[in-house]
>>> print(open('coords-v7.cif').read())   # mmCIF, C-alpha atoms
data_structure
loop_
_atom_site.label_atom_id
_atom_site.label_comp_id
_atom_site.auth_asym_id
_atom_site.auth_seq_id
_atom_site.Cartn_x
_atom_site.Cartn_y
_atom_site.Cartn_z
CA MET R 1071 131.17 -17.47 -18.98
CA SER R 1072 131.30 -21.21 -19.53
CA GLY R 1073 132.77 -24.32 -18.02
CA ALA R 1074 134.06 -24.44 -14.46
CA ASN R 1075 134.27 -20.67 -14.10
CA ALA R 1076 130.56 -20.31 -14.79
CA ILE R 1077 129.52 -22.71 -12.08
CA ALA R 1078 132.07 -21.84 -9.42
CA PRO R 1079 130.51 -22.40 -5.98
CA VAL R 1080 129.43 -19.61 -3.69
CA ALA R 1081 132.24 -18.33 -1.48
CA PRO R 1082 132.45 -20.56 1.61
CA ASP R 1083 132.25 -17.56 3.94
CA ASP R 1084 128.73 -16.85 2.60
CA ARG R 1085 127.08 -19.39 4.88
CA ILE R 1086 124.56 -19.55 7.71
CA GLU R 1087 127.04 -20.16 10.48
CA TRP R 1088 124.63 -21.56 13.02
CA ILE R 1089 123.54 -24.30 10.60
CA ASP R 1090 127.20 -25.36 10.37
CA ALA R 1091 127.37 -25.27 14.17
CA ILE R 1092 124.33 -27.53 14.52
CA ARG R 1093 125.90 -29.88 11.97
CA GLY R 1094 129.01 -29.95 14.16
CA ILE R 1095 126.89 -30.87 17.18
CA ALA R 1096 125.09 -33.58 15.22
CA LEU R 1097 128.45 -34.97 14.15
CA PHE R 1098 129.40 -35.35 17.81
CA GLY R 1099 126.26 -37.42 18.34
CA VAL R 1100 127.06 -39.56 15.31
CA LEU R 1101 130.61 -40.07 16.60
CA VAL R 1102 129.41 -41.16 20.04
CA VAL R 1103 126.81 -43.58 18.70
CA ASN R 1104 129.19 -45.11 16.14
CA LEU R 1105 131.92 -45.42 18.72
CA ILE R 1106 129.86 -47.08 21.44
CA THR R 1107 127.63 -49.31 19.30
CA ALA R 1108 129.53 -50.08 16.08
CA PHE R 1109 133.30 -49.48 16.23
CA ARG R 1110 133.79 -50.87 19.75
CA VAL R 1111 131.50 -53.89 19.39
CA SER R 1112 129.47 -55.50 16.63
CA ILE R 1113 126.56 -53.31 15.57
CA PHE R 1114 124.42 -56.46 15.77
CA GLN R 1115 125.15 -57.03 19.45
CA GLN R 1116 122.27 -54.72 20.40
CA PHE R 1117 119.82 -57.14 18.76
CA ILE R 1118 120.72 -60.14 20.90
CA GLY R 1119 120.37 -58.50 24.31
CA VAL R 1120 123.04 -57.51 26.82
CA ASP R 1121 124.22 -58.90 30.12
CA SER R 1122 122.40 -56.87 32.76
CA THR R 1123 125.00 -57.62 35.46
CA GLY R 1124 126.98 -54.55 34.42
CA ILE R 1125 124.04 -52.21 34.04
CA HIS R 1126 125.02 -50.15 37.11
CA SER R 1127 128.71 -49.94 36.20
CA SER R 1128 130.14 -46.87 34.49
CA ASP R 1129 130.22 -48.75 31.19
CA GLY R 1130 126.57 -49.75 31.55
CA LEU R 1131 125.62 -46.17 32.43
CA VAL R 1132 127.42 -44.81 29.37
CA GLU R 1133 125.70 -47.34 27.13
CA ARG R 1134 122.29 -46.43 28.57
CA ILE R 1135 122.90 -42.68 28.14
CA VAL R 1136 124.06 -43.11 24.55
CA ALA R 1137 121.12 -45.40 23.74
CA LEU R 1138 118.57 -43.04 25.27
CA GLY R 1139 119.93 -39.64 24.35
CA PHE R 1140 121.83 -40.14 21.09
CA GLU R 1141 121.09 -43.42 19.33
CA GLU R 1142 119.05 -42.83 16.14
CA LYS R 1143 118.42 -39.20 17.16
CA ALA R 1144 121.87 -38.03 16.04
CA PHE R 1145 121.50 -39.72 12.65
CA SER R 1146 118.00 -38.31 12.26
CA LEU R 1147 119.23 -34.78 12.98
CA PHE R 1148 122.10 -35.30 10.55
CA SER R 1149 119.61 -36.45 7.88
CA LEU R 1150 117.51 -33.33 8.44
CA LEU R 1151 120.59 -31.16 7.96
CA PHE R 1152 121.50 -33.02 4.77
CA GLY R 1153 118.06 -32.24 3.35
CA ILE R 1154 118.50 -28.58 4.27
CA GLY R 1155 121.86 -28.62 2.51
CA LEU R 1156 120.31 -30.05 -0.66
CA ALA R 1157 117.71 -27.27 -0.74
CA ILE R 1158 120.36 -24.58 -0.18
CA GLN R 1159 122.54 -26.02 -2.95
CA PHE R 1160 119.54 -26.19 -5.29
CA ASP R 1161 118.72 -22.51 -4.76
CA ARG R 1162 122.31 -21.43 -5.31
CA LEU R 1163 122.79 -23.59 -8.39
CA SER R 1164 119.46 -22.45 -9.84
CA THR R 1165 120.96 -19.02 -10.48
CA LEU R 1166 123.57 -20.69 -12.68
CA GLY R 1167 121.26 -23.06 -14.54
CA GLN R 1168 120.91 -26.86 -14.59
CA PRO R 1169 120.65 -27.29 -10.81
CA PHE R 1170 119.50 -30.91 -11.08
CA TYR R 1171 122.47 -31.78 -13.28
CA TRP R 1172 124.98 -30.33 -10.82
CA LEU R 1173 123.27 -31.79 -7.77
CA ALA R 1174 123.19 -35.21 -9.45
CA ARG R 1175 126.93 -34.89 -10.09
CA ARG R 1176 127.46 -33.86 -6.48
CA LEU R 1177 125.55 -36.89 -5.22
CA ALA R 1178 127.28 -39.23 -7.69
CA VAL R 1179 130.66 -38.15 -6.34
CA LEU R 1180 129.35 -38.66 -2.80
CA LEU R 1181 128.21 -42.15 -3.80
CA ALA R 1182 131.71 -42.96 -5.07
CA PHE R 1183 133.24 -41.75 -1.81
CA GLY R 1184 130.64 -43.72 0.15
CA LEU R 1185 131.36 -46.97 -1.67
CA ILE R 1186 135.11 -46.58 -1.07
CA HIS R 1187 134.43 -45.92 2.61
CA LEU R 1188 131.93 -48.79 2.82
CA LEU R 1189 134.10 -51.41 1.13
CA LEU R 1190 137.62 -50.44 2.17
CA VAL R 1191 137.38 -48.59 5.49
CA TRP R 1192 134.25 -49.43 7.51
CA ASN R 1193 130.92 -50.97 6.59
CA GLY R 1194 129.05 -48.74 9.03
CA ASP R 1195 129.20 -46.04 6.34
CA ILE R 1196 126.27 -43.61 6.02
CA LEU R 1197 127.51 -41.74 2.93
CA THR R 1198 126.25 -44.35 0.47
CA GLU R 1199 122.72 -44.26 1.88
CA TYR R 1200 122.70 -40.45 1.85
CA ALA R 1201 123.88 -40.34 -1.77
CA LEU R 1202 121.22 -42.81 -2.91
CA ALA R 1203 118.48 -41.18 -0.85
CA GLY R 1204 119.57 -37.80 -2.18
CA LEU R 1205 119.21 -38.99 -5.77
CA VAL R 1206 115.72 -40.33 -4.97
CA ALA R 1207 114.82 -37.04 -3.24
CA LEU R 1208 116.03 -34.71 -6.00
CA PRO R 1209 112.61 -34.54 -7.76
CA PHE R 1210 111.10 -33.37 -4.46
CA LEU R 1211 112.82 -30.03 -5.10
CA LEU R 1212 110.28 -29.37 -7.85
CA LEU R 1213 107.52 -29.34 -5.22
CA PRO R 1214 106.26 -26.24 -3.43
CA SER R 1215 106.78 -26.07 0.32
CA SER R 1216 103.36 -27.63 0.97
CA GLY R 1217 104.24 -30.56 -1.31
CA LEU R 1218 107.53 -31.09 0.50
CA LEU R 1219 105.69 -31.19 3.81
CA LEU R 1220 103.25 -33.77 2.48
CA ALA R 1221 106.12 -35.87 1.11
CA ALA R 1222 107.85 -35.74 4.49
CA LEU R 1223 104.66 -36.83 6.27
CA GLY R 1224 104.09 -39.64 3.76
CA PHE R 1225 107.55 -41.12 4.21
CA ALA R 1226 107.30 -40.67 7.98
CA VAL R 1227 104.08 -42.70 7.99
CA LEU R 1228 105.75 -45.35 5.83
CA TYR R 1229 108.63 -45.51 8.34
CA ALA R 1230 106.24 -45.75 11.28
CA LEU R 1231 104.10 -48.46 9.67
CA GLY R 1232 106.95 -50.23 7.92
CA PRO R 1233 107.14 -53.24 10.27
CA ALA R 1234 103.45 -53.92 9.64
CA LEU R 1235 103.61 -53.38 5.88
CA TYR R 1236 106.79 -55.15 4.84
CA SER R 1237 109.73 -57.04 6.24
CA VAL R 1238 113.45 -57.00 5.57
CA PRO R 1239 115.62 -60.16 5.60
CA TRP R 1240 116.80 -60.79 9.14
CA PRO R 1241 118.40 -63.81 10.87
CA ASP R 1242 117.13 -65.37 14.08
CA ALA R 1243 118.73 -64.74 17.47
CA ALA R 1244 120.93 -67.85 17.36
CA ALA R 1245 122.39 -66.87 13.99
CA LEU R 1246 123.03 -63.34 15.24
CA GLN R 1247 124.82 -64.66 18.32
CA LEU R 1248 127.12 -66.75 16.13
CA HIS R 1249 127.74 -63.77 13.89
CA VAL R 1250 128.63 -61.50 16.83
CA ALA R 1251 131.01 -64.15 18.21
CA SER R 1252 132.73 -64.36 14.82
CA ALA R 1253 132.92 -60.57 14.59
CA ASN R 1254 134.60 -60.37 18.00
CA GLN R 1255 137.27 -62.75 16.79
CA VAL R 1256 137.87 -61.44 13.26
CA TYR R 1257 137.70 -57.70 13.89
CA ALA R 1258 139.87 -57.93 17.00
CA SER R 1259 142.68 -60.04 15.56
CA GLY R 1260 142.22 -60.44 11.81
CA SER R 1261 144.48 -59.18 9.05
CA VAL R 1262 143.39 -56.50 6.61
CA ALA R 1263 142.30 -59.14 4.09
CA GLU R 1264 140.40 -61.17 6.72
CA ILE R 1265 138.62 -58.08 8.05
CA TRP R 1266 137.68 -56.90 4.56
CA ARG R 1267 136.30 -60.33 3.70
CA PHE R 1268 134.23 -60.51 6.88
CA SER R 1269 133.07 -56.91 6.44
CA TRP R 1270 131.89 -57.64 2.90
CA ASP R 1271 130.10 -60.77 4.11
CA GLU R 1272 128.22 -58.58 6.61
CA LEU R 1273 126.85 -56.32 3.89
CA PRO R 1274 123.50 -58.14 3.43
CA LEU R 1275 122.76 -57.58 7.13
CA ILE R 1276 123.95 -53.97 6.91
CA LEU R 1277 121.74 -53.39 3.88
CA SER R 1278 118.75 -54.73 5.80
CA LEU R 1279 119.32 -52.07 8.46
CA HIS R 1280 119.58 -49.37 5.80
CA GLY R 1281 116.46 -50.67 4.09
CA PHE R 1282 114.50 -50.30 7.32
CA VAL R 1283 115.55 -46.67 7.94
CA PHE R 1284 115.52 -45.53 4.29
CA PRO R 1285 111.94 -44.10 4.48
CA ARG R 1286 112.98 -42.15 7.59
CA THR R 1287 115.96 -40.71 5.75
CA LEU R 1288 113.74 -39.62 2.85
CA ALA R 1289 111.19 -38.12 5.28
CA LEU R 1290 113.87 -36.05 7.00
CA PHE R 1291 115.45 -34.99 3.71
CA ALA R 1292 112.04 -33.74 2.54
CA PHE R 1293 111.34 -32.01 5.85
CA GLY R 1294 114.73 -30.31 5.77
CA MET R 1295 113.95 -29.09 2.23
CA TYR R 1296 110.59 -27.83 3.51
CA LEU R 1297 112.18 -25.84 6.35
CA TRP R 1298 114.42 -24.08 3.86
CA ARG R 1299 111.87 -23.64 1.07
CA ALA R 1300 109.23 -22.24 3.47
CA GLY R 1301 111.72 -19.61 4.65
CA ILE R 1302 111.64 -20.80 8.26
CA LEU R 1303 115.41 -21.11 8.57
CA ARG R 1304 116.11 -17.85 6.74
CA ARG R 1305 113.83 -16.08 9.23
CA ALA R 1306 114.58 -18.32 12.19
CA HIS R 1307 114.56 -15.42 14.64
CA ASP R 1308 110.89 -14.76 13.82
CA PHE R 1309 110.07 -18.38 14.69
CA LYS R 1310 112.06 -18.54 17.94
CA ASP R 1311 109.02 -18.96 20.23
CA ARG R 1312 107.52 -21.61 17.97
CA MET R 1313 110.86 -23.41 17.88
CA ILE R 1314 110.93 -23.50 21.68
CA ALA R 1315 107.41 -24.96 21.71
CA ALA R 1316 108.38 -27.50 19.04
CA ALA R 1317 111.44 -28.49 21.08
CA VAL R 1318 109.39 -29.12 24.21
CA VAL R 1319 106.68 -31.06 22.37
CA GLY R 1320 109.12 -33.06 20.22
CA ILE R 1321 111.39 -34.16 23.05
CA ALA R 1322 108.48 -34.87 25.41
CA ALA R 1323 106.70 -36.93 22.74
CA GLY R 1324 109.91 -38.80 21.95
CA VAL R 1325 110.42 -39.69 25.61
CA ALA R 1326 106.79 -40.74 26.02
CA LEU R 1327 106.88 -42.98 22.94
CA HIS R 1328 110.33 -44.41 23.56
CA GLN R 1329 109.26 -47.76 25.00
CA GLY R 1330 105.95 -48.23 23.20
CA PRO R 1331 104.84 -49.56 19.82
CA PHE R 1332 105.33 -46.06 18.34
CA LYS R 1333 109.03 -45.95 19.17
CA ASN R 1334 110.07 -45.30 15.57
CA PRO R 1335 108.05 -42.09 15.06
CA GLY R 1336 109.04 -41.13 18.60
CA ILE R 1337 112.71 -41.19 17.54
CA VAL R 1338 111.96 -38.77 14.70
CA LEU R 1339 110.00 -36.43 16.98
CA TRP R 1340 112.78 -36.53 19.56
CA ALA R 1341 115.38 -35.63 16.91
CA LEU R 1342 113.21 -32.81 15.57
CA GLY R 1343 112.87 -31.57 19.15
CA TYR R 1344 116.67 -31.48 19.42
CA GLY R 1345 116.85 -29.59 16.14
CA ALA R 1346 114.20 -27.05 17.17
CA ALA R 1347 115.96 -26.48 20.51
CA LEU R 1348 119.29 -25.85 18.78
CA ILE R 1349 117.71 -23.50 16.22
CA ALA R 1350 116.02 -21.53 19.01
CA LEU R 1351 119.27 -21.43 20.99
CA ALA R 1352 121.16 -20.18 17.95
CA GLN R 1353 118.94 -17.09 17.80
CA LEU R 1354 120.30 -15.85 21.15
CA SER R 1355 123.36 -13.65 20.67
CA ILE R 1356 125.34 -15.15 23.56
CA ALA R 1357 124.59 -18.72 22.49
CA ARG R 1358 125.34 -17.91 18.86
CA ARG R 1359 128.84 -16.75 19.80
CA LEU R 1360 129.39 -20.01 21.65
CA LEU R 1361 127.97 -22.07 18.80
CA SER R 1362 130.17 -20.27 16.27
CA ALA R 1363 133.16 -22.08 17.74
CA LEU R 1364 131.61 -25.34 16.48
CA ALA R 1365 130.89 -24.07 12.97
CA PRO R 1366 134.26 -25.15 11.51
CA MET R 1367 133.53 -28.70 12.69
CA GLY R 1368 130.30 -28.62 10.71
CA ARG R 1369 131.90 -27.02 7.64
CA MET R 1370 134.40 -29.89 7.57
CA ALA R 1371 131.89 -32.58 8.55
CA PHE R 1372 132.77 -34.80 5.56
CA THR R 1373 136.50 -34.74 6.31
CA ASN R 1374 135.95 -35.19 10.04
CA TYR R 1375 133.52 -38.09 9.55
CA VAL R 1376 135.99 -40.02 7.37
CA MET R 1377 138.88 -39.13 9.69
CA GLN R 1378 136.94 -40.58 12.62
CA SER R 1379 136.51 -43.85 10.74
CA ILE R 1380 140.22 -44.08 9.96
CA ILE R 1381 141.18 -43.34 13.57
CA PHE R 1382 138.71 -45.77 15.13
CA VAL R 1383 139.30 -48.70 12.79
CA PHE R 1384 142.97 -48.41 13.77
CA VAL R 1385 142.06 -48.37 17.47
CA PHE R 1386 139.64 -51.31 17.32
CA PHE R 1387 140.59 -53.54 14.39
CA GLY R 1388 143.19 -56.28 14.38
CA TYR R 1389 145.60 -54.51 12.01
CA GLY R 1390 145.76 -51.69 14.58
CA LEU R 1391 145.41 -51.87 18.36
CA GLY R 1392 142.84 -54.69 18.26
CA GLN R 1393 140.48 -53.32 20.93
CA PHE R 1394 137.28 -54.55 19.25
CA GLY R 1395 135.05 -56.26 21.82
CA ARG R 1396 137.57 -55.50 24.57
CA MET R 1397 137.41 -51.80 25.38
CA GLY R 1398 134.74 -50.60 27.78
CA ALA R 1399 132.24 -47.91 26.86
CA THR R 1400 133.59 -45.37 29.36
CA LEU R 1401 137.13 -45.42 28.00
CA ALA R 1402 135.82 -45.43 24.42
CA LEU R 1403 133.69 -42.36 25.13
CA ALA R 1404 136.66 -40.56 26.68
CA ILE R 1405 138.74 -41.29 23.57
CA GLY R 1406 135.89 -40.12 21.36
CA VAL R 1407 135.62 -36.80 23.23
CA LEU R 1408 139.38 -36.26 22.88
CA VAL R 1409 139.22 -37.02 19.15
CA TYR R 1410 136.31 -34.62 18.71
CA ILE R 1411 138.15 -31.82 20.56
CA ALA R 1412 141.27 -32.44 18.50
CA GLN R 1413 139.24 -32.32 15.29
CA LEU R 1414 137.57 -29.09 16.41
CA VAL R 1415 140.96 -27.45 17.01
CA LEU R 1416 142.30 -28.75 13.71
CA SER R 1417 139.18 -27.63 11.81
CA ASN R 1418 139.50 -24.10 13.20
CA TRP R 1419 143.20 -24.01 12.28
CA TRP R 1420 142.60 -25.41 8.80
CA LEU R 1421 139.72 -23.10 7.84
CA ARG R 1422 141.67 -20.02 8.84
CA ARG R 1423 144.01 -20.92 5.97
CA TYR R 1424 141.88 -22.80 3.45
CA HIS R 1425 138.42 -22.38 1.97
CA PHE R 1426 137.44 -26.04 2.34
CA GLY R 1427 138.33 -29.17 4.25
CA PRO R 1428 140.50 -31.59 2.22
CA ILE R 1429 137.70 -34.00 1.29
CA GLU R 1430 135.21 -31.16 0.80
CA TRP R 1431 137.69 -29.61 -1.65
CA LEU R 1432 138.05 -32.91 -3.54
CA TRP R 1433 134.27 -33.36 -3.55
CA ARG R 1434 133.69 -29.91 -5.04
CA SER R 1435 136.53 -30.25 -7.53
CA LEU R 1436 135.19 -33.56 -8.85
CA MET R 1437 131.65 -32.20 -8.92
CA TYR R 1438 132.61 -29.14 -10.97
CA GLY R 1439 135.23 -30.92 -13.05
CA ALA R 1440 137.92 -28.39 -12.15
CA ALA R 1441 140.20 -27.80 -9.18
CA GLN R 1442 138.62 -25.28 -6.82
CA PRO R 1443 140.64 -22.50 -5.16
CA MET R 1444 141.93 -23.86 -1.86
CA ARG R 1445 144.21 -21.48 0.02
CA LYS R 1446 142.79 -18.21 1.27
CA ALA R 1447 144.57 -15.21 -0.21
CA ASP R 1448 145.25 -13.66 3.18
CA ALA R 1449 146.28 -16.93 4.90
CA THR R 1450 149.50 -16.73 6.85
CA HIS R 1451 152.27 -19.29 6.87
CA GLU R 1452 152.66 -19.41 10.63
#
>>> encode(input="coords-v7.cif", output="structure tokens")
Amino acid sequence: MSGANAIAPVAPDDRIEWIDAIRGIALFGVLVVNLITAFRVSIFQQFIGVDSTGIHSSDGLVERIVALGFEEKAFSLFSLLFGIGLAIQFDRLSTLGQPFYWLARRLAVLLAFGLIHLLLVWNGDILTEYALAGLVALPFLLLPSSGLLLAALGFAVLYALGPALYSVPWPDAAALQLHVASANQVYASGSVAEIWRFSWDELPLILSLHGFVFPRTLALFAFGMYLWRAGILRRAHDFKDRMIAAAVVGIAAGVALHQGPFKNPGIVLWALGYGAALIALAQLSIARRLLSALAPMGRMAFTNYVMQSIIFVFVFFGYGLGQFGRMGATLALAIGVLVYIAQLVLSNWWLRRYHFGPIEWLWRSLMYGAAQPMRKADATHE
């Protein structure tokens, strides 16, 4: 066989369902954090302090819960899952030959999608960083499991010590306050052209944020690869007790380090604690049945992530409902939960009929250079 037929992807039903379910849960965390801290208000508002007069209101409570329980942890868990996905893809493509070539194509297509999303939809995009970090991390797949673990630890140390070793360009508080004030005006009432122009002007600041967390992303990619390469996820049931212990230690350490000078490594430990808890939970038959309902959300994570951006820029930006800087956190969270539930229902409906989500299908088709089969043979037309 040659060409597209020779490198056709593994059937989508041949998956580890609970990994998809955990990805669906992580996507909820990403949605909540993006909604409360980046779509609703300027992402830079958190760096200039907040008015404490509303700290005991429902909005203040929601902001505190999101900051404590989800912020950075959801993205860290999502990064871990991306690394796991890279290792799984590498193993599957290795049976067909040229795994690095096909993974590089896969990541190049992701980079193209990310740049479109970054420049034309919303500059809070994470796809571009994941594509670039994935390309950097590809050589890690040549390492044995012990080498992957060492790479993960090395990048984690770099992330933890980063503020002492190097600095990223960053404006002072007064400049940030002016920027946030401008964002509140432009994003809430600007035209498409005005919002695009302001969004592009923000990119240097956005890139500084990505530059700071890039070592963390690489560390979690490598650790995700390690978990797969070492066989821990393929034999997760055998590690259930150790996963429970890791969950307790990780979350406790994250909480303990949250306010101290070691906050950054604490975030990673907290996220790993979440991941270990979910992996342990997924090994229980009752919990696995409940988690399976979330698997379609994770299988269509790419489509759902982009769909969330399109929905929320319409809600908050001036060419839509113009709620940027105006909507409270409580109402925003309620809308986010409704959107997530609607996406979950739609994902279940879609995947009963089709092999892939729409953007996942386009991603695979561009990667392989040929249109992939979409409709399931036994799908009904109801």
>>> residues_around(input="coords-v7.cif", residues="Ala1363 of chain R", least_positions_apart="6", cutoff="9 Å", atoms="all atoms listed in the file", output="VMD selection string")
chain R and resid 1091 1414 1418
>>> closest_residue(input="coords-v7.cif", among="R:Phe1114, R:Leu1228, R:Gly1345, R:Arg1423", to="Ala1144 of chain R", atoms="only C-alpha atoms")
R:Gly1345
>>> closest_atom_pairs(input="coords-v7.cif", of="segment 1256-1313 of chain R", to="segment 1184-1202 of chain R", cutoff="9 Å", atoms="all atoms listed in the file", output="Markdown table")
| residue | atom | partner | partner_atom | distance |
| --- | --- | --- | --- | --- |
| R:Trp1266 | CA | R:Leu1190 | CA | 6.9 |
| R:Ser1269 | CA | R:Asn1193 | CA | 6.3 |
| R:Trp1270 | CA | R:Leu1189 | CA | 6.8 |
| R:Glu1272 | CA | R:Asn1193 | CA | 8.1 |
| R:Leu1273 | CA | R:Asn1193 | CA | 7.2 |
| R:Ile1276 | CA | R:Asn1193 | CA | 7.6 |
| R:His1280 | CA | R:Glu1199 | CA | 7.2 |
| R:Phe1284 | CA | R:Glu1199 | CA | 7.7 |
| R:Thr1287 | CA | R:Tyr1200 | CA | 7.8 |
>>> residues_around(input="coords-v7.cif", residues="segment 1096-1100 of chain R", least_positions_apart="2", cutoff="10 Å", atoms="all atoms listed in the file", output="PyMOL selection string")
chain R and resi 1090-1094+1102-1105+1136+1139-1149+1151+1344-1345+1367-1368+1371-1372+1374-1375+1406-1407+1410-1411
>>> residues_near_point(input="coords-v7.cif", point="(106.7, -39.9, 11.3)", cutoff="9 Å", atoms="only C-alpha atoms", output="PDB file with C-alpha atoms, keeping the file's coordinate frame")
ATOM      1  CA  ALA R1222     107.850 -35.740   4.490  1.00  0.00           C
ATOM      2  CA  LEU R1223     104.660 -36.830   6.270  1.00  0.00           C
ATOM      3  CA  GLY R1224     104.090 -39.640   3.760  1.00  0.00           C
ATOM      4  CA  PHE R1225     107.550 -41.120   4.210  1.00  0.00           C
ATOM      5  CA  ALA R1226     107.300 -40.670   7.980  1.00  0.00           C
ATOM      6  CA  VAL R1227     104.080 -42.700   7.990  1.00  0.00           C
ATOM      7  CA  LEU R1228     105.750 -45.350   5.830  1.00  0.00           C
ATOM      8  CA  TYR R1229     108.630 -45.510   8.340  1.00  0.00           C
ATOM      9  CA  ALA R1230     106.240 -45.750  11.280  1.00  0.00           C
ATOM     10  CA  ARG R1286     112.980 -42.150   7.590  1.00  0.00           C
ATOM     11  CA  ALA R1289     111.190 -38.120   5.280  1.00  0.00           C
ATOM     12  CA  ASN R1334     110.070 -45.300  15.570  1.00  0.00           C
ATOM     13  CA  PRO R1335     108.050 -42.090  15.060  1.00  0.00           C
ATOM     14  CA  GLY R1336     109.040 -41.130  18.600  1.00  0.00           C
ATOM     15  CA  ILE R1337     112.710 -41.190  17.540  1.00  0.00           C
ATOM     16  CA  VAL R1338     111.960 -38.770  14.700  1.00  0.00           C
ATOM     17  CA  LEU R1339     110.000 -36.430  16.980  1.00  0.00           C
TER      18      LEU R1339
END
>>> closest_residue(input="coords-v7.cif", among="R:Tyr1296, R:Trp1340, R:Trp1088, R:Phe1309", to="Ala1322 of chain R", atoms="only C-alpha atoms")
R:Trp1340
>>> resolve_selection(input="coords-v7.cif", expression="the PyMOL selection byres ((chain R and resi 1248-1259) around 12)", output="number ranges by chain")
R: 1108-1119, 1192, 1241-1247, 1260-1269, 1271-1272, 1275, 1383-1397
>>> atom_distance(input="coords-v7.cif", atom1="atom CA of Tyr1171 of chain R", atom2="atom CA of Ile1154 of chain R")
18.3 Å
>>> resolve_selection(input="coords-v7.cif", expression="the PyMOL selection byres ((chain R and resi 1153) around 7)", output="PyMOL selection string")
chain R and resi 1149-1152+1154-1157+1290-1292+1294-1295
>>> closest_residue(input="coords-v7.cif", among="R:Arg1305, R:Ser1216, R:Asp1311, R:Phe1332", to="Pro1233 of chain R", atoms="all atoms listed in the file")
R:Phe1332
>>> closest_residue(input="coords-v7.cif", among="R:Leu1101, R:Ala1182, R:Ile1135, R:Ile1314", to="Ile1405 of chain R", atoms="all atoms listed in the file")
R:Leu1101
>>> residues_around(input="coords-v7.cif", residues="Phe1170 of chain R", least_positions_apart="3", cutoff="10 Å", atoms="only C-alpha atoms", output="list in words")
Gln1159, Phe1160, Leu1163, Ser1164, Gly1167, Leu1173, Ala1174, Arg1175, Arg1176, Leu1205, Leu1208, Pro1209, Leu1211 and Leu1212 of chain R
>>> axis_aligned_box(input="coords-v7.cif", around="segment 1362-1365 of chain R", padding_each_side="5 Å", output="AutoDock Vina command-line options")
--center_x 131.7 --center_y -22.8 --center_z 15.4 --size_x 13.0 --size_y 15.1 --size_z 14.8
>>> residues_around(input="coords-v7.cif", residues="Pro1443 of chain R", least_positions_apart="3", cutoff="10 Å", atoms="all atoms listed in the file", output="PDB file with C-alpha atoms, in the frame of the given file")
ATOM      1  CA  ALA R1078     132.070 -21.840  -9.420  1.00  0.00           C
ATOM      2  CA  TYR R1424     141.880 -22.800   3.450  1.00  0.00           C
ATOM      3  CA  HIS R1425     138.420 -22.380   1.970  1.00  0.00           C
ATOM      4  CA  PHE R1426     137.440 -26.040   2.340  1.00  0.00           C
ATOM      5  CA  TRP R1431     137.690 -29.610  -1.650  1.00  0.00           C
ATOM      6  CA  SER R1435     136.530 -30.250  -7.530  1.00  0.00           C
ATOM      7  CA  ALA R1440     137.920 -28.390 -12.150  1.00  0.00           C
ATOM      8  CA  LYS R1446     142.790 -18.210   1.270  1.00  0.00           C
ATOM      9  CA  ALA R1447     144.570 -15.210  -0.210  1.00  0.00           C
TER      10      ALA R1447
END
>>> residues_near_point(input="coords-v7.cif", point="(122.8, -19.8, 20.5)", cutoff="12 Å", atoms="all atoms listed in the file", output="MDAnalysis selection string")
chainID R and resid 1087:1089 1091:1092 1306:1307 1310 1346:1365
>>> atom_distance(input="coords-v7.cif", atom1="atom CA of Pro1428 of chain R", atom2="atom CA of Phe1382 of chain R")
19.3 Å
